[in-house]
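> Just my_file_12.txt, nothing more (compact mmCIF, C-alpha atoms and all ligand atoms):
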```
# COMPACT_ATOMS: atom_id res chain seq x y z
CA MET Y 1 79.77 16.98 15.56
CA THR Y 2 79.40 13.60 13.88
CA SER Y 3 81.92 13.28 11.12
CA ALA Y 4 81.68 11.21 8.02
CA VAL Y 5 84.91 9.30 7.56
CA PRO Y 6 85.96 10.43 4.11
CA THR Y 7 87.09 7.78 1.66
CA LEU Y 8 90.72 6.85 1.97
CA GLY Y 9 92.68 9.26 -0.19
CA THR Y 10 90.19 12.14 0.04
CA PRO Y 11 92.15 15.27 0.90
CA VAL Y 12 91.23 16.78 4.24
CA SER Y 13 91.55 20.42 5.25
CA ASP Y 14 91.33 22.04 8.67
CA ALA Y 15 90.76 25.49 7.14
CA ASP Y 16 87.72 27.60 8.02
CA PRO Y 17 86.39 29.31 4.86
CA PHE Y 18 84.11 31.45 7.04
CA CYS Y 19 86.77 32.95 9.31
CA ASP Y 20 87.37 36.70 9.01
CA ASP Y 21 90.73 36.34 7.25
CA VAL Y 22 89.30 34.20 4.45
CA LEU Y 23 86.19 36.36 4.10
CA GLU Y 24 88.41 39.44 3.85
CA ASP Y 25 90.38 37.85 1.00
CA PRO Y 26 89.15 34.42 -0.10
CA LEU Y 27 91.51 34.05 -3.07
CA PRO Y 28 94.48 32.34 -1.35
CA PHE Y 29 92.18 29.84 0.37
CA GLN Y 30 90.40 29.12 -2.92
CA ALA Y 31 93.66 28.58 -4.81
CA GLU Y 32 94.72 26.09 -2.16
CA LEU Y 33 91.35 24.35 -2.26
CA ARG Y 34 91.58 23.92 -6.06
CA ALA Y 35 95.14 22.66 -5.78
CA THR Y 36 94.27 20.19 -3.03
CA GLY Y 37 91.77 18.23 -5.10
CA PRO Y 38 88.41 18.10 -6.86
CA VAL Y 39 86.69 17.35 -3.54
CA VAL Y 40 88.16 18.30 -0.17
CA TYR Y 41 86.72 17.26 3.19
CA LEU Y 42 86.48 20.21 5.58
CA ASN Y 43 86.97 18.84 9.08
CA LYS Y 44 85.69 21.87 10.89
CA TYR Y 45 82.21 21.65 9.37
CA ASP Y 46 81.98 18.01 8.26
CA VAL Y 47 81.28 19.02 4.66
CA PHE Y 48 82.72 18.14 1.26
CA ALA Y 49 83.98 21.20 -0.59
CA MET Y 50 84.37 21.75 -4.34
CA GLY Y 51 86.50 24.58 -5.66
CA ARG Y 52 87.08 23.63 -9.30
CA PHE Y 53 84.82 24.74 -12.14
CA GLU Y 54 84.06 21.30 -13.53
CA GLU Y 55 82.79 19.73 -10.31
CA VAL Y 56 80.93 22.88 -9.18
CA GLN Y 57 79.12 23.16 -12.49
CA ALA Y 58 78.32 19.44 -12.53
CA ALA Y 59 76.92 19.57 -8.98
CA LEU Y 60 74.78 22.59 -9.83
CA THR Y 61 73.45 20.74 -12.88
CA ASP Y 62 72.64 17.48 -11.07
CA TRP Y 63 69.78 18.67 -8.87
CA GLN Y 64 68.54 15.08 -8.51
CA SER Y 65 71.68 14.03 -6.61
CA PHE Y 66 72.41 17.40 -4.96
CA GLN Y 67 69.20 18.72 -3.51
CA SER Y 68 68.27 22.21 -2.30
CA ALA Y 69 65.24 21.40 -0.14
CA ALA Y 70 67.48 20.45 2.81
CA GLY Y 71 68.76 24.05 2.69
CA VAL Y 72 71.50 25.69 0.65
CA GLY Y 73 73.39 26.74 3.75
CA LEU Y 74 75.36 24.67 6.26
CA SER Y 75 72.23 23.89 8.27
CA ASN Y 76 70.59 20.60 7.26
CA PHE Y 77 66.82 21.10 7.24
CA ARG Y 78 66.33 17.33 7.57
CA LYS Y 79 67.85 17.62 11.04
CA GLU Y 80 67.49 21.29 12.06
CA LYS Y 81 64.48 23.57 11.98
CA PRO Y 82 65.08 26.41 9.49
CA TRP Y 83 65.33 29.84 11.12
CA ARG Y 84 62.65 31.22 8.75
CA PRO Y 85 60.04 29.58 6.50
CA PRO Y 86 62.17 28.19 3.65
CA SER Y 87 62.25 29.96 0.30
CA LEU Y 88 59.87 28.35 -2.20
CA LEU Y 89 62.52 28.81 -4.90
CA LEU Y 90 65.99 28.62 -3.44
CA GLU Y 91 65.28 26.01 -0.79
CA ALA Y 92 63.00 23.75 -2.81
CA ASP Y 93 63.34 20.91 -5.32
CA PRO Y 94 61.10 19.89 -8.19
CA PRO Y 95 58.20 19.47 -8.32
CA HIS Y 96 57.48 22.07 -5.58
CA HIS Y 97 60.07 24.43 -7.01
CA ASP Y 98 58.55 24.54 -10.48
CA ALA Y 99 55.38 26.64 -10.18
CA PRO Y 100 57.00 29.49 -8.19
CA ARG Y 101 59.94 29.40 -10.58
CA ALA Y 102 57.71 29.56 -13.65
CA VAL Y 103 55.84 32.58 -12.25
CA LEU Y 104 59.03 34.54 -11.60
CA ALA Y 105 60.72 33.43 -14.81
CA LYS Y 106 57.80 34.87 -16.78
CA LEU Y 107 57.65 38.15 -14.81
CA LEU Y 108 61.41 38.70 -14.89
CA GLY Y 109 62.04 37.49 -18.43
CA PRO Y 110 64.24 39.54 -20.78
CA ARG Y 111 61.33 40.76 -22.90
CA GLU Y 112 58.95 41.47 -20.04
CA ILE Y 113 61.38 43.76 -18.25
CA ARG Y 114 62.26 45.92 -21.26
CA ARG Y 115 59.40 48.24 -20.33
CA LEU Y 116 61.47 49.35 -17.33
CA SER Y 117 64.43 50.63 -19.37
CA GLU Y 118 63.17 54.10 -20.09
CA ALA Y 119 62.27 55.07 -16.52
CA TRP Y 120 65.39 53.40 -15.11
CA THR Y 121 67.60 55.27 -17.57
CA ALA Y 122 66.04 58.57 -16.46
CA ASP Y 123 66.61 57.55 -12.82
CA ALA Y 124 70.25 56.65 -13.51
CA GLU Y 125 70.92 59.92 -15.33
CA ASP Y 126 69.27 61.97 -12.60
CA LEU Y 127 71.15 60.13 -9.85
CA LEU Y 128 74.49 60.65 -11.59
CA ASP Y 129 73.84 64.30 -12.46
CA GLN Y 130 73.00 65.06 -8.84
CA LEU Y 131 75.99 63.12 -7.56
CA LEU Y 132 78.48 64.68 -9.99
CA ALA Y 133 77.10 68.17 -9.33
CA LYS Y 134 78.27 67.77 -5.74
CA GLY Y 135 81.86 67.04 -6.68
CA THR Y 136 84.25 64.55 -8.19
CA GLU Y 137 85.03 62.55 -5.04
CA PHE Y 138 82.45 60.36 -3.35
CA GLU Y 139 81.92 57.10 -1.51
CA ALA Y 140 80.64 54.80 -4.26
CA VAL Y 141 78.97 52.03 -2.22
CA THR Y 142 76.40 54.27 -0.55
CA ASN Y 143 76.05 56.91 -3.26
CA LEU Y 144 76.04 54.70 -6.34
CA ALA Y 145 76.12 50.91 -5.87
CA SER Y 146 73.36 50.99 -3.20
CA ALA Y 147 71.60 54.18 -4.24
CA PHE Y 148 70.66 53.02 -7.73
CA PRO Y 149 69.13 49.58 -6.95
CA LEU Y 150 67.34 51.07 -3.93
CA ARG Y 151 65.92 53.78 -6.14
CA VAL Y 152 64.60 51.53 -8.93
CA PHE Y 153 64.04 47.99 -7.65
CA PRO Y 154 61.62 48.49 -4.73
CA ASN Y 155 59.49 50.69 -7.03
CA ALA Y 156 59.42 47.95 -9.66
CA VAL Y 157 58.28 45.42 -7.04
CA GLY Y 158 55.74 47.97 -5.86
CA ILE Y 159 56.58 48.24 -2.20
CA PRO Y 160 55.73 51.38 -0.22
CA GLY Y 161 58.32 53.92 0.94
CA ASN Y 162 58.37 52.87 4.57
CA GLY Y 163 60.04 49.59 5.41
CA ARG Y 164 62.63 49.82 2.65
CA ASP Y 165 65.35 50.37 5.21
CA ALA Y 166 64.97 46.71 6.16
CA LEU Y 167 65.94 45.40 2.73
CA LEU Y 168 69.74 45.56 2.93
CA PRO Y 169 70.11 44.48 6.59
CA TYR Y 170 67.62 41.61 6.12
CA GLY Y 171 69.43 40.42 3.00
CA ASP Y 172 72.74 40.70 4.79
CA HIS Y 173 71.45 38.45 7.56
CA VAL Y 174 69.96 35.88 5.16
CA PHE Y 175 73.28 35.57 3.35
CA ASN Y 176 75.16 35.31 6.66
CA ALA Y 177 72.72 32.64 7.84
CA PHE Y 178 73.74 30.29 4.99
CA GLY Y 179 77.10 29.99 6.75
CA PRO Y 180 77.96 28.64 10.21
CA ALA Y 181 76.53 30.25 13.36
CA ASN Y 182 79.50 32.56 13.85
CA GLU Y 183 79.78 36.15 15.11
CA LEU Y 184 78.35 37.56 11.89
CA VAL Y 185 75.14 35.59 12.40
CA ALA Y 186 74.97 36.47 16.10
CA LYS Y 187 75.19 40.18 15.27
CA GLY Y 188 72.38 39.96 12.72
CA ALA Y 189 70.18 37.88 15.02
CA GLN Y 190 69.66 40.87 17.31
CA ARG Y 191 67.44 42.57 14.70
CA VAL Y 192 66.00 39.54 12.97
CA ALA Y 193 62.47 39.69 14.47
CA GLU Y 194 62.07 43.36 13.60
CA LEU Y 195 63.49 42.92 10.08
CA SER Y 196 61.41 39.81 9.35
CA ALA Y 197 58.27 41.70 10.40
CA SER Y 198 59.13 44.59 8.05
CA MET Y 199 59.71 42.14 5.20
CA ALA Y 200 56.43 40.31 5.83
CA ALA Y 201 54.58 43.66 5.86
CA MET Y 202 56.00 44.48 2.42
CA CYS Y 203 54.78 41.16 0.98
CA ASP Y 204 51.15 41.83 1.95
CA ARG Y 205 48.81 42.14 -1.01
CA ASN Y 206 47.22 45.34 0.38
CA VAL Y 207 50.42 47.36 0.39
CA LEU Y 208 51.77 46.38 -3.04
CA THR Y 209 51.32 48.98 -5.79
CA PRO Y 210 49.24 47.85 -8.79
CA GLY Y 211 51.34 46.90 -11.82
CA GLY Y 212 54.47 46.01 -9.86
CA PHE Y 213 56.10 42.58 -9.70
CA GLY Y 214 54.58 42.04 -6.24
CA ALA Y 215 51.02 42.65 -7.43
CA GLN Y 216 51.66 40.45 -10.47
CA ILE Y 217 52.75 37.60 -8.21
CA TRP Y 218 49.44 37.91 -6.36
CA GLU Y 219 47.62 37.89 -9.72
CA ALA Y 220 49.35 34.61 -10.53
CA ALA Y 221 47.70 33.28 -7.36
CA ASP Y 222 44.31 34.56 -8.59
CA ARG Y 223 44.86 32.59 -11.79
CA GLY Y 224 45.73 29.47 -9.82
CA ASP Y 225 49.33 29.27 -11.08
CA ILE Y 226 50.45 29.31 -7.43
CA THR Y 227 48.47 29.21 -4.18
CA PRO Y 228 47.61 32.37 -2.22
CA ALA Y 229 49.77 31.06 0.62
CA GLN Y 230 52.77 30.95 -1.73
CA ALA Y 231 52.42 34.50 -3.05
CA PRO Y 232 53.89 36.45 -0.08
CA LEU Y 233 56.87 34.07 0.13
CA ILE Y 234 57.63 34.56 -3.55
CA VAL Y 235 57.52 38.34 -3.07
CA ARG Y 236 59.87 37.79 -0.13
CA SER Y 237 62.31 35.96 -2.42
CA LEU Y 238 62.35 38.90 -4.82
CA LEU Y 239 63.06 41.34 -2.01
CA THR Y 240 65.65 39.12 -0.35
CA ALA Y 241 67.64 38.01 -3.36
CA GLY Y 242 67.25 41.18 -5.40
CA VAL Y 243 68.95 43.92 -3.42
CA ASP Y 244 72.22 42.97 -1.65
CA THR Y 245 73.21 40.95 -4.71
CA THR Y 246 72.79 43.78 -7.22
CA VAL Y 247 74.34 46.30 -4.82
CA ASN Y 248 77.44 44.13 -4.51
CA GLY Y 249 77.44 43.30 -8.20
CA LEU Y 250 77.53 47.01 -8.98
CA ALA Y 251 80.16 47.63 -6.31
CA ALA Y 252 82.21 44.84 -7.88
CA VAL Y 253 82.09 46.33 -11.36
CA LEU Y 254 82.88 49.84 -10.05
CA TYR Y 255 85.90 48.55 -8.14
CA ALA Y 256 87.06 46.47 -11.09
CA PHE Y 257 86.97 49.52 -13.35
CA ALA Y 258 88.64 51.75 -10.75
CA VAL Y 259 91.65 49.45 -10.57
CA ASN Y 260 91.68 48.64 -14.32
CA PRO Y 261 91.58 52.06 -16.04
CA ALA Y 262 92.31 50.59 -19.49
CA GLN Y 263 89.06 48.61 -19.23
CA TRP Y 264 87.13 51.80 -18.46
CA SER Y 265 88.55 53.36 -21.65
CA ARG Y 266 87.41 50.29 -23.54
CA LEU Y 267 83.88 50.69 -22.21
CA ARG Y 268 83.88 54.40 -23.08
CA GLU Y 269 84.88 53.56 -26.65
CA ASN Y 270 82.21 50.89 -26.88
CA PRO Y 271 79.35 51.32 -24.38
CA ALA Y 272 77.69 48.21 -25.83
CA LEU Y 273 80.23 46.33 -23.66
CA ALA Y 274 78.28 47.32 -20.52
CA ARG Y 275 76.59 43.95 -20.23
CA THR Y 276 79.78 42.01 -20.83
CA ALA Y 277 81.49 44.21 -18.25
CA PHE Y 278 78.89 43.38 -15.64
CA ASP Y 279 79.05 39.62 -16.31
CA GLU Y 280 82.83 39.76 -16.23
CA ALA Y 281 82.59 41.53 -12.84
CA VAL Y 282 80.17 38.86 -11.59
CA ARG Y 283 82.68 36.22 -12.70
CA PHE Y 284 85.64 38.14 -11.27
CA GLU Y 285 84.16 39.00 -7.86
CA SER Y 286 81.30 36.50 -7.57
CA PRO Y 287 79.09 38.56 -5.22
CA VAL Y 288 77.50 35.26 -4.13
CA GLN Y 289 80.57 33.22 -3.22
CA THR Y 290 79.17 29.92 -2.03
CA PHE Y 291 76.12 27.71 -1.79
CA PHE Y 292 75.59 24.28 -0.25
CA ARG Y 293 73.63 21.30 -1.48
CA THR Y 294 72.72 18.01 0.24
CA THR Y 295 73.34 14.61 -1.33
CA THR Y 296 70.26 12.47 -1.99
CA ARG Y 297 72.33 9.30 -2.55
CA ASP Y 298 75.85 7.99 -2.13
CA ILE Y 299 77.71 9.62 -4.99
CA GLU Y 300 81.28 9.49 -6.19
CA VAL Y 301 82.91 12.75 -7.26
CA GLY Y 302 86.56 12.96 -8.25
CA GLY Y 303 87.40 9.68 -6.53
CA THR Y 304 85.63 10.58 -3.28
CA LEU Y 305 82.53 8.77 -2.13
CA ILE Y 306 80.16 11.34 -0.65
CA PRO Y 307 77.58 9.58 1.52
CA GLU Y 308 73.84 10.24 1.21
CA GLY Y 309 72.46 13.08 3.33
CA HIS Y 310 75.71 15.01 3.39
CA LYS Y 311 76.32 18.69 2.89
CA ILE Y 312 78.53 19.75 0.03
CA LEU Y 313 79.90 23.27 -0.28
CA MET Y 314 80.33 24.72 -3.76
CA PHE Y 315 82.70 27.65 -4.16
CA LEU Y 316 81.19 29.61 -7.05
CA GLY Y 317 83.84 32.33 -6.71
CA SER Y 318 86.61 29.75 -6.88
CA ALA Y 319 85.08 28.02 -9.93
CA ASN Y 320 84.91 31.41 -11.62
CA ARG Y 321 88.67 31.81 -11.16
CA ASP Y 322 89.69 28.24 -11.93
CA PRO Y 323 92.62 28.39 -14.39
CA ARG Y 324 91.47 24.98 -15.74
CA ARG Y 325 88.47 26.82 -17.20
CA TRP Y 326 89.56 30.46 -17.58
CA GLU Y 327 92.56 32.05 -19.22
CA ASN Y 328 94.16 34.60 -16.87
CA PRO Y 329 91.26 34.21 -14.43
CA ASP Y 330 92.57 36.94 -12.12
CA GLN Y 331 92.31 39.55 -14.85
CA PHE Y 332 89.19 41.70 -15.26
CA ASP Y 333 89.10 41.75 -19.05
CA LEU Y 334 86.32 43.04 -21.29
CA THR Y 335 87.73 41.19 -24.29
CA ARG Y 336 86.97 37.78 -22.81
CA ASP Y 337 83.62 36.01 -23.07
CA PRO Y 338 82.57 35.57 -19.44
CA SER Y 339 79.41 33.64 -20.31
CA GLY Y 340 79.26 30.25 -18.66
CA HIS Y 341 80.46 31.60 -15.32
CA VAL Y 342 78.64 30.20 -12.28
CA GLY Y 343 78.26 33.54 -10.46
CA PHE Y 344 74.50 33.34 -11.07
CA GLY Y 345 74.55 29.63 -10.37
CA PHE Y 346 73.76 27.08 -13.09
CA GLY Y 347 70.94 24.71 -13.93
CA ILE Y 348 67.36 24.84 -12.67
CA HIS Y 349 68.10 27.29 -9.83
CA GLN Y 350 70.18 29.71 -11.89
CA CYS Y 351 69.37 33.27 -10.83
CA VAL Y 352 65.86 34.04 -12.04
CA GLY Y 353 66.52 37.77 -11.56
CA GLN Y 354 69.67 37.89 -13.66
CA HIS Y 355 68.03 39.89 -16.47
CA ILE Y 356 66.96 42.53 -13.96
CA ALA Y 357 70.49 42.64 -12.54
CA ARG Y 358 71.98 43.03 -16.03
CA LEU Y 359 69.46 45.72 -16.91
CA GLU Y 360 70.25 47.74 -13.78
CA ALA Y 361 73.98 47.37 -14.36
CA SER Y 362 73.98 48.16 -18.07
CA ILE Y 363 71.82 51.24 -17.53
CA ILE Y 364 74.00 52.72 -14.79
CA LEU Y 365 77.25 51.84 -16.61
CA THR Y 366 76.00 53.35 -19.86
CA ALA Y 367 74.99 56.56 -18.08
CA MET Y 368 78.38 56.65 -16.33
CA ALA Y 369 80.30 56.06 -19.55
CA LYS Y 370 78.70 59.17 -21.05
CA ARG Y 371 79.65 61.38 -18.11
CA ILE Y 372 82.86 60.02 -16.63
CA THR Y 373 86.23 59.78 -18.37
CA SER Y 374 88.14 58.15 -15.54
CA ILE Y 375 87.46 56.55 -12.19
CA GLU Y 376 90.07 55.81 -9.53
CA ILE Y 377 90.26 54.79 -5.90
CA ALA Y 378 90.69 57.91 -3.72
CA GLY Y 379 91.24 56.48 -0.24
CA PRO Y 380 91.26 53.31 1.86
CA THR Y 381 88.69 50.74 0.66
CA ARG Y 382 86.89 48.55 3.18
CA ARG Y 383 85.30 45.14 2.68
CA HIS Y 384 82.00 44.26 4.30
CA LEU Y 385 82.33 40.75 5.74
CA ASN Y 386 79.50 38.31 5.10
CA ASN Y 387 79.46 34.50 5.23
CA THR Y 388 78.21 34.28 1.63
CA LEU Y 389 78.61 37.63 -0.07
CA ARG Y 390 81.79 39.19 -1.36
CA ALA Y 391 80.88 42.71 -0.42
CA TRP Y 392 82.17 46.24 0.02
CA GLU Y 393 81.59 48.56 2.96
CA SER Y 394 83.36 51.56 1.45
CA LEU Y 395 84.81 52.50 -1.94
CA PRO Y 396 86.02 56.10 -1.98
CA VAL Y 397 86.48 57.14 -5.61
CA ARG Y 398 87.61 60.13 -7.60
CA ILE Y 399 86.19 60.61 -11.07
CA ARG Y 400 86.85 62.96 -13.94
CA ARG Y 401 83.85 64.49 -15.69
CA ALA Y 402 83.57 64.26 -19.45
C1 LIG Y 501 65.15 33.55 -1.44
C2 LIG Y 501 66.59 33.84 -1.67
C3 LIG Y 501 67.32 34.41 -0.67
C4 LIG Y 501 68.68 34.67 -0.87
C5 LIG Y 501 69.27 34.35 -2.07
C6 LIG Y 501 68.53 33.80 -3.06
C7 LIG Y 501 70.42 33.89 -4.51
C8 LIG Y 501 67.17 33.54 -2.86
O1 LIG Y 501 64.63 33.91 -0.37
O2 LIG Y 501 64.52 32.99 -2.31
O3 LIG Y 501 69.09 33.49 -4.26
```
Translate this file's structure into structure tokens.

Amino acid sequence: MTSAVPTLGTPVSDADPFCDDVLEDPLPFQAELRATGPVVYLNKYDVFAMGRFEEVQAALTDWQSFQSAAGVGLSNFRKEKPWRPPSLLLEADPPHHDAPRAVLAKLLGPREIRRLSEAWTADAEDLLDQLLAKGTEFEAVTNLASAFPLRVFPNAVGIPGNGRDALLPYGDHVFNAFGPANELVAKGAQRVAELSASMAAMCDRNVLTPGGFGAQIWEAADRGDITPAQAPLIVRSLLTAGVDTTVNGLAAVLYAFAVNPAQWSRLRENPALARTAFDEAVRFESPVQTFFRTTTRDIEVGGTLIPEGHKILMFLGSANRDPRRWENPDQFDLTRDPSGHVGFGFGIHQCVGQHIARLEASIILTAMAKRITSIEIAGPTRRHLNNTLRAWESLPVRIRRA
């Protein structure tokens, strides 16, 4: 690997943020990263890492200097062929980024998606009633955090019943593939052809149900807002970025409540806190932990000169727990204002689906708050390791019915 020689005085670290130990519990590594400096050169990957809120937010804002079109993973698309056709949103810069972004921003806007509330509320109540009828102990990742998004989101996009099984494993692989080519990527690569084919099939105009987000993306192509060639890739973005993220966002908020019972009481007293609770959980757990950018010029950050064409690694999860920005960052606390966190990113690429994520979360939390007086961990929890996601494999919980 060709290494940039970091400016004299730039702190250097030999740590591997993508090794199993750090993925299992990234907090000690992140605390060390923040303590080491505003920019730290990671020898192992020849990248410049940022773990403090100020620099992460500034890099996310300055899309002119920190581009996305060279990939938002470790792989540099200027030098390496991307493993799949790049995302027209995530892996693009203005001006190419703008038309696809405008189409999704309109479709997924806070007012446009209100029409989904009623049906999603009925789905949430039905799911919970069926689950609670079976007993008061269950595994919450499969039965709740995955079950709810998988029940409502693919329907809203308008994809057919078959093929849905590909959504979570494909997303898992995409998020692994932003990291280095380690064991996690090798494992996913075995199924990648099959999963990519299932995804492509779901983006086809002929299979998408009328009225869904998918069909509306194709209608944007009919209007000329985007090209017909762009439409299936924009549907792909929705299906890739919209499932694993919400599943792990919900798992994060369920876990946070299970280990902070006083916060659950607070939500029960004031269910209007559901949205705040979800954003606080996104800050606290940061389901998307990291993204990369690539420098478009020599740029100085925190006393370090980062050369043009270099990968930088932004630790969103670390920024969201930076004590320089947050009071008691390691506390899940519904009385704080979590807005301004970078768990959905920041700037022109900030999560375009965040209103959908908040709607899903607030609906399921509100339905839970009506039915459940307490929630606690009932057995050994297990993390799901992913190069980018902070995820759960298993959350056994015990609840008490209202
Ligand atoms: C996409 C995409 C994939 C993964 C994540 C993401 C968080 C977007 O294909 O556009 O945003």
> Could you list, as a PyMOL selection string, all protein and nucleic acid residues with an atom at most 6 Å from ligand LIG 501 (chain Y), counting all atoms listed in the file?
chain Y and resi 87+89-90+237+240-241
> Would you mind reading off the distance between CA of Pro228 (chain Y) and CA of Arg205 (chain Y), one decimal, in Å?
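It comes out at 9.9 Å.
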> Can you pull out every residue within 10 Å of Gln354 (chain Y), counting all atoms listed in the file, but drop anything in the same chain fewer than 2 positions away, and send it as a count of residues only?
15
> Rank Y:Pro232, Y:Pro323, Y:Pro94, Y:Pro149 by their smallest atom-to-atom distance to Met202 (chain Y), using all atoms listed in the file, and report the top residue only.
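Closest candidate: Y:Pro232.
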> List the residues sitting within 12 Å of (61.7, 48.2, -9.4) in the file's frame, using all atoms listed in the file, as an NGL selection string.
:Y and (108 or 113 or 115-117 or 119-120 or 123 or 148-160 or 208-209 or 211-214 or 238-239 or 242-243 or 353 or 356-357 or 359-360)
> Which residue, Y:Tyr255, Y:Phe278, Y:Phe18, Y:Phe66, has the smallest gap to Leu42 (chain Y) when you use all atoms listed in the file?
Y:Phe18
> Could you check which of Y:Arg114, Y:Lys81, Y:His97, Y:Arg266 is closest to Asp333 (chain Y), using all atoms listed in the file?
Y:Arg266
> Need the shell around Gln64 (chain Y): protein/DNA/RNA residues with any atom at most 10 Å away, counting only C-alpha atoms. Skip same-chain ones fewer than 6 positions apart. Format as a PyMOL selection string?
chain Y and resi 93-94+295-297
> Keeping only C-alpha atoms, write the selected residues as a short mmCIF file (atom, residue, chain, number, x, y, z; two decimals), in the frame of the given file.

```
data_model
loop_
_atom_site.label_atom_id
_atom_site.label_comp_id
_atom_site.auth_asym_id
_atom_site.auth_seq_id
_atom_site.Cartn_x
_atom_site.Cartn_y
_atom_site.Cartn_z
CA ASP Y 93 63.34 20.91 -5.32
CA PRO Y 94 61.10 19.89 -8.19
CA THR Y 295 73.34 14.61 -1.33
CA THR Y 296 70.26 12.47 -1.99
CA ARG Y 297 72.33 9.30 -2.55
#
```
> Here is a test: counting only C-alpha atoms, which residue of Y:Thr136, Y:Thr142, Y:Asn386, Y:Ser75 is nearest to Arg400 (chain Y)?
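Of the candidates, the smallest distance to Arg400 (chain Y) is held by Y:Thr136.
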> As a ChimeraX atom specification, please: the residues near region 30-37 of chain Y (cut-off 7 Å, all atoms listed in the file, same-chain neighbours under 4 positions excluded).
/Y:11,26,51-52,318
> So, with all atoms listed in the file as the atoms that count, which of Y:Val207, Y:Val342, Y:Ile299, Y:Ala147 lies closest to Asp322 (chain Y)?
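Among the listed residues, Y:Val342 lies closest to Asp322 (chain Y).
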> Just checking: using all atoms listed in the file, which residue out of Y:Glu91, Y:Thr366, Y:Ile226, Y:Arg336 ends up closest to Phe291 (chain Y)?
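For Phe291 (chain Y), the nearest of the candidates is Y:Glu91.
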> May I have a table of the residues of region 227-329 of chain Y lying at most 10 Å from region 372-380 of chain Y, giving each one's closest pair of atoms and their distance in Å to one decimal, counting only C-alpha atoms, ordered by chain and ascending residue number, as a Markdown table?

```
| residue | atom | partner | partner_atom | distance |
| --- | --- | --- | --- | --- |
| Y:Leu254 | CA | Y:Ile375 | CA | 8.4 |
| Y:Tyr255 | CA | Y:Ile377 | CA | 7.9 |
| Y:Ala256 | CA | Y:Glu376 | CA | 9.9 |
| Y:Phe257 | CA | Y:Ile375 | CA | 7.1 |
| Y:Ala258 | CA | Y:Glu376 | CA | 4.5 |
| Y:Val259 | CA | Y:Glu376 | CA | 6.6 |
| Y:Asn260 | CA | Y:Glu376 | CA | 8.8 |
| Y:Pro261 | CA | Y:Ser374 | CA | 7.0 |
| Y:Ala262 | CA | Y:Ser374 | CA | 9.5 |
| Y:Trp264 | CA | Y:Ser374 | CA | 7.1 |
| Y:Ser265 | CA | Y:Thr373 | CA | 7.6 |
| Y:Arg268 | CA | Y:Thr373 | CA | 7.5 |
```
> Record the distance separating CA of Ala92 (chain Y) and CA of Gly71 (chain Y), expressed in Å with one decimal.
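One can read the CA of Ala92 (chain Y) to CA of Gly71 (chain Y) distance as 8.0 Å.
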> Given the point (80.5, 29.5, -14.3) in the coordinates of this file, which residues lie within 8 Å, counting all atoms listed in the file, and how would they look as a short mmCIF file (atom, residue, chain, number, x, y, z; two decimals) with C-alpha atoms, in the frame of the given file?

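Generated output (part30.cif):
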```cif
data_model
loop_
_atom_site.label_atom_id
_atom_site.label_comp_id
_atom_site.auth_asym_id
_atom_site.auth_seq_id
_atom_site.Cartn_x
_atom_site.Cartn_y
_atom_site.Cartn_z
CA PHE Y 53 84.82 24.74 -12.14
CA GLN Y 57 79.12 23.16 -12.49
CA ARG Y 283 82.68 36.22 -12.70
CA LEU Y 316 81.19 29.61 -7.05
CA ALA Y 319 85.08 28.02 -9.93
CA ASN Y 320 84.91 31.41 -11.62
CA SER Y 339 79.41 33.64 -20.31
CA GLY Y 340 79.26 30.25 -18.66
CA HIS Y 341 80.46 31.60 -15.32
CA VAL Y 342 78.64 30.20 -12.28
CA GLY Y 343 78.26 33.54 -10.46
CA PHE Y 344 74.50 33.34 -11.07
CA GLY Y 345 74.55 29.63 -10.37
CA PHE Y 346 73.76 27.08 -13.09
#
```
> Just give me the gap between CA of Thr381 (chain Y) and CA of Val282 (chain Y) in Å, one decimal is fine.
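Those two atoms sit 19.1 Å apart.
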> How would region 340-345 of chain Y read, as a PDB file, in the frame of the given file, once N, CA, C and O atoms are built in?

```pdb
ATOM      1  N   GLY Y 340      78.944  31.575 -19.192  1.00  0.00           N
ATOM      2  CA  GLY Y 340      79.260  30.250 -18.660  1.00  0.00           C
ATOM      3  C   GLY Y 340      79.812  30.302 -17.249  1.00  0.00           C
ATOM      4  O   GLY Y 340      80.011  29.267 -16.617  1.00  0.00           O
ATOM      5  N   HIS Y 341      80.037  31.513 -16.729  1.00  0.00           N
ATOM      6  CA  HIS Y 341      80.460  31.600 -15.320  1.00  0.00           C
ATOM      7  C   HIS Y 341      79.329  31.101 -14.413  1.00  0.00           C
ATOM      8  O   HIS Y 341      78.164  31.051 -14.858  1.00  0.00           O
ATOM      9  N   VAL Y 342      79.659  30.730 -13.194  1.00  0.00           N
ATOM     10  CA  VAL Y 342      78.640  30.200 -12.280  1.00  0.00           C
ATOM     11  C   VAL Y 342      78.291  31.206 -11.181  1.00  0.00           C
ATOM     12  O   VAL Y 342      77.751  30.840 -10.136  1.00  0.00           O
ATOM     13  N   GLY Y 343      78.570  32.484 -11.441  1.00  0.00           N
ATOM     14  CA  GLY Y 343      78.260  33.540 -10.460  1.00  0.00           C
ATOM     15  C   GLY Y 343      76.764  33.722 -10.238  1.00  0.00           C
ATOM     16  O   GLY Y 343      76.343  34.174  -9.167  1.00  0.00           O
ATOM     17  N   PHE Y 344      75.955  33.358 -11.230  1.00  0.00           N
ATOM     18  CA  PHE Y 344      74.500  33.340 -11.070  1.00  0.00           C
ATOM     19  C   PHE Y 344      74.015  31.916 -10.814  1.00  0.00           C
ATOM     20  O   PHE Y 344      72.820  31.627 -10.960  1.00  0.00           O
ATOM     21  N   GLY Y 345      74.910  31.029 -10.469  1.00  0.00           N
ATOM     22  CA  GLY Y 345      74.550  29.630 -10.370  1.00  0.00           C
ATOM     23  C   GLY Y 345      74.494  29.004 -11.753  1.00  0.00           C
ATOM     24  O   GLY Y 345      75.046  29.543 -12.729  1.00  0.00           O
TER      25      GLY Y 345
END
```
